[in-house]
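Content type TSV, C-alpha atoms, from the file data.tsv:
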```tsv
chain	number	residue	atom	x	y	z
A	1	LEU	CA	13.60	2.65	20.75
A	2	VAL	CA	12.47	6.22	20.10
A	3	ASP	CA	13.42	7.27	23.63
A	4	ALA	CA	16.73	5.43	23.44
A	5	ALA	CA	17.62	7.09	20.13
A	6	ASP	CA	16.70	10.51	21.48
A	7	SER	CA	18.72	9.96	24.65
A	8	ALA	CA	21.74	8.79	22.67
A	9	GLY	CA	21.45	11.70	20.24
A	10	ILE	CA	21.54	9.46	17.18
A	11	ILE	CA	19.73	9.85	13.87
A	12	SER	CA	17.30	6.99	13.34
A	13	GLY	CA	15.57	5.65	10.25
A	14	VAL	CA	13.12	2.96	9.13
A	15	VAL	CA	12.33	1.58	5.68
A	16	HIS	CA	9.96	3.65	3.54
A	17	ASP	CA	11.08	2.14	0.25
A	18	LYS	CA	7.79	2.44	-1.66
A	19	LEU	CA	8.08	6.25	-1.62
A	20	TYR	CA	11.28	6.00	-3.66
A	21	LEU	CA	9.88	3.85	-6.47
A	22	PRO	CA	9.09	5.38	-9.89
A	23	GLY	CA	5.29	5.07	-9.82
A	24	LEU	CA	4.85	6.78	-6.45
A	25	ARG	CA	7.48	9.41	-7.23
A	26	LYS	CA	5.51	10.31	-10.36
A	27	LEU	CA	2.34	10.38	-8.29
A	28	LYS	CA	3.95	12.74	-5.79
A	29	LYS	CA	4.97	15.09	-8.60
A	30	LEU	CA	1.39	15.19	-9.81
A	31	ILE	CA	0.22	16.09	-6.32
A	32	GLU	CA	2.84	18.80	-5.93
A	33	ALA	CA	1.91	20.24	-9.34
A	34	GLY	CA	-1.75	20.50	-8.34
A	35	PHE	CA	-2.84	18.09	-11.07
A	36	PHE	CA	-5.68	16.59	-9.02
A	37	GLY	CA	-7.26	19.77	-7.76
A	38	ARG	CA	-8.93	18.71	-4.52
A	39	ILE	CA	-8.15	15.03	-3.86
A	40	LEU	CA	-11.29	13.09	-3.04
A	41	SER	CA	-10.32	9.46	-2.63
A	42	VAL	CA	-7.62	6.83	-2.96
A	43	ARG	CA	-8.28	3.20	-3.87
A	44	GLY	CA	-5.50	0.65	-3.56
A	45	GLU	CA	-5.36	-2.95	-4.72
A	46	PHE	CA	-2.46	-5.10	-3.57
A	47	GLY	CA	-1.78	-8.80	-3.73
A	48	TYR	CA	-1.54	-11.97	-5.74
A	49	TRP	CA	-2.23	-15.67	-5.41
A	50	VAL	CA	0.23	-17.34	-3.04
A	51	PHE	CA	0.05	-21.05	-3.71
A	52	GLU	CA	-1.01	-23.19	-0.78
A	53	GLY	CA	1.99	-25.48	-1.22
A	54	ASP	CA	0.29	-28.70	-2.30
A	55	LEU	CA	-0.30	-28.12	-6.02
A	56	GLU	CA	2.65	-25.74	-6.39
A	57	PRO	CA	5.33	-24.74	-3.86
A	58	ALA	CA	4.37	-21.51	-2.09
A	59	GLN	CA	6.30	-18.42	-3.17
A	60	ARG	CA	6.24	-16.94	0.34
A	61	PRO	CA	7.68	-18.53	3.52
A	62	SER	CA	5.33	-20.45	5.75
A	63	TRP	CA	5.94	-18.19	8.77
A	64	ASN	CA	3.95	-15.49	6.93
A	65	TYR	CA	0.83	-17.52	7.71
A	66	ARG	CA	1.60	-18.37	11.34
A	67	ALA	CA	0.48	-15.76	13.86
A	68	ASP	CA	2.88	-16.98	16.56
A	69	GLN	CA	5.83	-16.36	14.21
A	70	GLY	CA	4.88	-12.79	13.29
A	71	GLY	CA	2.86	-13.55	10.16
A	72	GLY	CA	-0.22	-11.76	8.92
A	73	MET	CA	-1.25	-9.33	6.21
A	74	VAL	CA	-2.12	-6.47	8.57
A	75	LEU	CA	1.24	-6.58	10.33
A	76	ASP	CA	3.06	-6.95	7.01
A	77	MET	CA	1.35	-4.28	4.92
A	78	PHE	CA	-0.42	-1.70	7.11
A	79	CYS	CA	3.00	-0.30	8.07
A	80	HIS	CA	3.63	0.35	4.36
A	81	TRP	CA	0.18	1.79	3.75
A	82	ASN	CA	0.62	4.15	6.68
A	83	TYR	CA	3.70	5.87	5.28
A	84	VAL	CA	2.35	5.90	1.72
A	85	LEU	CA	-0.87	7.57	2.84
A	86	GLU	CA	0.82	9.83	5.38
A	87	ASN	CA	3.44	11.21	3.00
A	88	LEU	CA	1.31	11.53	-0.14
A	89	PHE	CA	-2.20	12.35	1.07
A	90	GLY	CA	-2.26	13.01	4.82
A	91	PRO	CA	-2.05	11.25	8.18
A	92	VAL	CA	-4.54	8.49	8.97
A	93	GLU	CA	-7.09	9.68	11.53
A	94	ALA	CA	-9.28	6.56	11.76
A	95	VAL	CA	-9.49	3.05	10.32
A	96	THR	CA	-12.18	0.47	9.74
A	97	ALA	CA	-10.71	-2.89	8.79
A	98	LYS	CA	-11.52	-6.55	8.37
A	99	ALA	CA	-8.71	-9.09	8.55
A	100	VAL	CA	-9.49	-12.64	7.44
A	101	THR	CA	-7.81	-15.97	6.79
A	102	HIS	CA	-9.17	-17.11	3.46
A	103	ILE	CA	-6.92	-20.17	3.16
A	104	PRO	CA	-6.91	-22.00	6.52
A	105	ARG	CA	-4.63	-24.88	5.50
A	106	ARG	CA	-1.26	-24.60	3.76
A	107	TRP	CA	1.88	-26.71	3.20
A	108	ASP	CA	5.31	-25.67	4.44
A	109	GLU	CA	8.78	-25.82	2.90
A	110	GLN	CA	9.06	-29.54	3.75
A	111	GLY	CA	5.71	-30.31	2.14
A	112	GLU	CA	4.02	-30.80	5.50
A	113	PRO	CA	0.49	-29.44	6.02
A	114	TYR	CA	-0.11	-26.86	8.73
A	115	ASP	CA	-2.94	-24.64	9.97
A	116	ALA	CA	-2.71	-21.05	8.79
A	117	THR	CA	-3.36	-18.98	11.91
A	118	ALA	CA	-2.50	-15.54	10.55
A	119	ASP	CA	-4.66	-13.33	8.36
A	120	ASP	CA	-3.88	-13.62	4.65
A	121	ALA	CA	-6.10	-10.71	3.55
A	122	ALA	CA	-7.16	-7.35	4.96
A	123	TYR	CA	-9.75	-4.89	3.72
A	124	GLY	CA	-9.40	-1.38	5.09
A	125	ILE	CA	-11.03	2.04	4.95
A	126	PHE	CA	-8.71	4.81	6.11
A	127	GLU	CA	-9.96	8.29	6.95
A	128	LEU	CA	-7.23	10.84	6.31
A	129	ALA	CA	-6.68	14.37	7.56
A	130	GLY	CA	-8.34	16.82	5.19
A	131	GLY	CA	-11.25	14.56	4.36
A	132	VAL	CA	-9.60	12.17	1.86
A	133	ILE	CA	-10.96	8.61	2.06
A	134	ALA	CA	-8.63	5.73	1.19
A	135	GLN	CA	-9.71	2.14	0.62
A	136	ILE	CA	-7.02	-0.52	0.29
A	137	ASN	CA	-7.55	-4.23	-0.30
A	138	SER	CA	-4.57	-6.45	0.52
A	139	SER	CA	-4.66	-10.16	-0.22
A	140	TRP	CA	-2.50	-13.21	-0.78
A	141	ALA	CA	-5.59	-15.02	-2.02
A	142	VAL	CA	-6.45	-12.96	-5.11
A	143	ARG	CA	-5.65	-13.44	-8.78
A	144	VAL	CA	-4.22	-10.41	-10.57
A	145	ASP	CA	-6.13	-8.49	-13.22
A	146	ARG	CA	-4.23	-5.19	-13.21
A	147	GLY	CA	-0.99	-3.80	-14.57
A	148	GLU	CA	1.09	-4.29	-11.42
A	149	LEU	CA	0.88	-6.24	-8.18
A	150	VAL	CA	-0.10	-3.03	-6.41
A	151	GLU	CA	-1.94	-0.07	-7.88
A	152	PHE	CA	-3.39	3.10	-6.38
A	153	GLN	CA	-6.12	5.09	-8.09
A	154	VAL	CA	-6.32	8.70	-6.97
A	155	ASP	CA	-9.40	10.71	-7.92
A	156	GLY	CA	-9.59	14.48	-7.68
A	157	THR	CA	-11.79	17.27	-8.91
A	158	HIS	CA	-9.41	18.12	-11.78
A	159	GLY	CA	-8.00	14.72	-12.67
A	160	SER	CA	-7.28	11.13	-11.75
A	161	ALA	CA	-4.23	8.87	-11.80
A	162	VAL	CA	-3.48	5.18	-11.47
A	163	ALA	CA	0.00	4.50	-10.11
A	164	GLY	CA	1.81	1.24	-9.56
A	165	LEU	CA	5.35	0.80	-8.34
A	166	PHE	CA	6.73	1.71	-11.76
A	167	GLY	CA	4.05	3.14	-14.06
A	168	CYS	CA	1.61	6.00	-13.63
A	169	ARG	CA	-1.31	6.84	-15.92
A	170	VAL	CA	-3.42	9.98	-15.80
A	171	GLN	CA	-6.76	11.27	-17.02
A	172	PRO	CA	-7.25	15.03	-16.63
A	173	ARG	CA	-10.66	16.63	-16.26
A	174	VAL	CA	-10.67	18.08	-19.79
A	175	LEU	CA	-10.04	14.64	-21.32
A	176	THR	CA	-12.47	12.69	-19.13
A	177	PRO	CA	-15.03	10.80	-21.25
A	178	LYS	CA	-18.74	10.86	-20.50
A	179	PRO	CA	-19.95	7.29	-20.08
A	180	VAL	CA	-23.68	6.62	-19.92
A	181	TRP	CA	-25.01	3.79	-17.76
A	182	ASN	CA	-27.12	1.41	-19.81
A	183	PRO	CA	-27.20	-2.19	-18.57
A	184	ASP	CA	-29.17	-3.26	-21.64
A	185	LEU	CA	-26.30	-2.56	-24.07
A	186	PRO	CA	-22.74	-3.93	-24.05
A	187	THR	CA	-19.99	-1.40	-23.32
A	188	THR	CA	-18.11	-0.47	-26.47
A	189	GLU	CA	-15.59	1.93	-24.94
A	190	ASP	CA	-12.05	0.82	-24.15
A	191	PHE	CA	-11.74	2.75	-20.90
A	192	ARG	CA	-8.12	1.83	-20.24
A	193	SER	CA	-7.04	3.30	-23.58
A	194	GLN	CA	-8.39	6.69	-22.47
A	195	TRP	CA	-5.55	7.22	-20.00
A	196	GLN	CA	-2.12	8.73	-20.72
A	197	GLU	CA	1.19	7.39	-19.41
A	198	VAL	CA	3.40	9.70	-17.36
A	199	PRO	CA	6.85	9.56	-19.04
A	200	ASP	CA	10.08	8.47	-17.37
A	201	ASN	CA	11.81	11.85	-17.42
A	202	GLU	CA	14.56	10.70	-15.09
A	203	ALA	CA	16.44	7.54	-14.24
A	204	PHE	CA	15.05	5.66	-11.25
A	205	GLY	CA	17.19	3.45	-9.06
A	206	ASN	CA	16.46	0.81	-6.46
A	207	GLY	CA	14.09	2.17	-3.81
A	208	PHE	CA	15.94	0.66	-0.85
A	209	ARG	CA	19.27	2.04	-2.09
A	210	ALA	CA	17.79	5.48	-2.76
A	211	GLN	CA	16.50	5.75	0.80
A	212	TRP	CA	19.70	4.34	2.27
A	213	GLU	CA	21.68	7.00	0.40
A	214	GLN	CA	19.39	9.74	1.72
A	215	PHE	CA	19.71	8.38	5.25
A	216	LEU	CA	23.52	8.41	5.06
A	217	VAL	CA	23.48	11.98	3.74
A	218	ASP	CA	21.26	13.01	6.65
A	219	VAL	CA	23.55	11.28	9.15
A	220	ASP	CA	26.60	12.97	7.63
A	221	ALA	CA	24.86	16.35	7.76
A	222	GLY	CA	23.74	15.78	11.34
A	223	ARG	CA	20.08	16.39	10.58
A	224	PRO	CA	17.05	14.20	11.35
A	225	HIS	CA	15.99	11.68	8.72
A	226	PRO	CA	12.34	12.31	7.78
A	227	TYR	CA	11.43	8.62	8.13
A	228	ASP	CA	12.68	7.95	11.65
A	229	PHE	CA	11.73	5.57	14.48
A	230	ARG	CA	8.65	7.70	15.21
A	231	ALA	CA	7.43	7.02	11.68
A	232	GLY	CA	7.88	3.32	12.37
A	233	VAL	CA	5.83	3.64	15.56
A	234	ARG	CA	3.01	5.30	13.61
A	235	GLY	CA	3.00	2.35	11.23
A	236	LEU	CA	2.67	-0.11	14.11
A	237	GLN	CA	-0.07	2.00	15.65
A	238	LEU	CA	-2.03	1.64	12.40
A	239	VAL	CA	-1.48	-2.13	12.62
A	240	GLU	CA	-2.84	-2.10	16.17
A	241	ALA	CA	-5.84	0.00	15.13
A	242	GLY	CA	-6.56	-2.27	12.16
A	243	LEU	CA	-6.42	-5.45	14.20
A	244	ARG	CA	-8.60	-3.92	16.91
A	245	SER	CA	-11.12	-2.72	14.33
A	246	SER	CA	-11.31	-6.20	12.80
A	247	ALA	CA	-11.57	-8.01	16.13
A	248	GLU	CA	-14.24	-5.70	17.58
A	249	GLY	CA	-16.08	-4.80	14.36
A	250	VAL	CA	-15.71	-1.07	14.99
A	251	ARG	CA	-14.18	2.11	13.59
A	252	VAL	CA	-11.01	2.92	15.51
A	253	PRO	CA	-9.70	6.50	15.72
A	254	MET	CA	-5.92	6.71	15.68
A	255	ALA	CA	-6.09	8.81	18.84
A	256	ALA	CA	-7.29	5.67	20.63
A	257	VAL	CA	-3.94	3.94	20.02
A	258	THR	CA	-1.58	6.90	20.26
A	259	PRO	CA	0.43	6.93	23.52
```

I'd like the structure from this file rewritten - as structure tokens, please.
Amino acid sequence: LVDAADSAGIISGVVHDKLYLPGLRKLKKLIEAGFFGRILSVRGEFGYWVFEGDLEPAQRPSWNYRADQGGGMVLDMFCHWNYVLENLFGPVEAVTAKAVTHIPRRWDEQGEPYDATADDAAYGIFELAGGVIAQINSSWAVRVDRGELVEFQVDGTHGSAVAGLFGCRVQPRVLTPKPVWNPDLPTTEDFRSQWQEVPDNEAFGNGFRAQWEQFLVDVDAGRPHPYDFRAGVRGLQLVEAGLRSSAEGVRVPMAAVTP
């Protein structure tokens, strides 16, 4: 597809919708403003409990859990994680991942049981250019105890932030509390109250529409769209590296899957 687009002289694009959502746009502004100092690590938590289909109807289609129909957490989400990491923190240079099927039996839209052959959870460590380490847990077999269905905590030498798709909270270095580890005493601090919310200083629209508008502007101007077919290929290469890492139990450098 990349070669065909280049040969035809067309401007290509693939979905990078998460980058256009309020929480990650606020996070990008923090990065550009130098809020974090030197970024050390990123920790992401994504997912929710998808019902098996017997007690309650599943809220995702059954093909998501069938490998022969293109299902699987790694294939679904590593493409998203690639462009989030690449555009906010740096390209992925290596990945260590474990993909698992926690729920092996589910019920389809007709109430019929079937074997879940695709991974419904993936646990990844991503080594980024510049030394940043990202850890992202993705699961359709987890119950939510956080503000949003996906959250990213970014820790830096001068401050930290927790961003979801809409909200973003920060804790700068000068306002960081000094907890003391004492397992013999109950914790009395309300740690979540020690963070400050980044305000909505602008109106945010639908992420898909915002990118579509940018793509059309780029096409009209005759310039490349930043999130083109090559960006899509890089996402699929991360999928390949993640699945290989999980299957072989090894760390996979991205250079090993780059054509």

Using all atoms listed in the file, which residues of range 105-196 of chain A come within 8 Å of range 73-82 of chain A, and what is the closest atom pair for each, with the distance in Å to one decimal? Give it as a tab-separated table, sorted by chain and residue number.
```
residue	atom	partner	partner_atom	distance
A:Ala118	CA	A:Met73	CA	7.7
A:Asp119	CA	A:Met73	CA	5.7
A:Asp120	CA	A:Met73	CA	5.3
A:Ala121	CA	A:Met73	CA	5.7
A:Ala122	CA	A:Val74	CA	6.3
A:Ser138	CA	A:Met73	CA	7.2
A:Ser139	CA	A:Met73	CA	7.3
```

Padding of 8 Å on every side, edges along x, y and z, all listed atoms of range 185-202 of chain A included: what centre and edge lengths in Å, to one decimal, does that box have, as JSON?
```
{"center_x": -5.9, "center_y": 4.0, "center_z": -20.8, "size_x": 56.9, "size_y": 31.8, "size_z": 27.4}
```

>> Restricting the calculation to all atoms listed in the file: of A:Ser12, A:Gln153, A:Gln194, A:Ser62, which residue gets closest to Gly222 in chain A?
In response: A:Ser12

>> Measuring between all atoms listed in the file, which one of A:Gly232, A:Pro172, A:Pro22, A:Gly147 shows the shortest distance to Gly205 in chain A?
In response: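 Ranking A:Gly232, A:Pro172, A:Pro22, A:Gly147 by distance to Gly205 in chain A, first place goes to A:Pro22.
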
> So which one's closest to Leu24 in chain A, A:Asn87, A:Gln110, A:Thr187, A:Thr258? Using only C-alpha atoms, please.
Replying inline: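 Comparing A:Asn87, A:Gln110, A:Thr187, A:Thr258 against Leu24 in chain A, the winner is A:Asn87.
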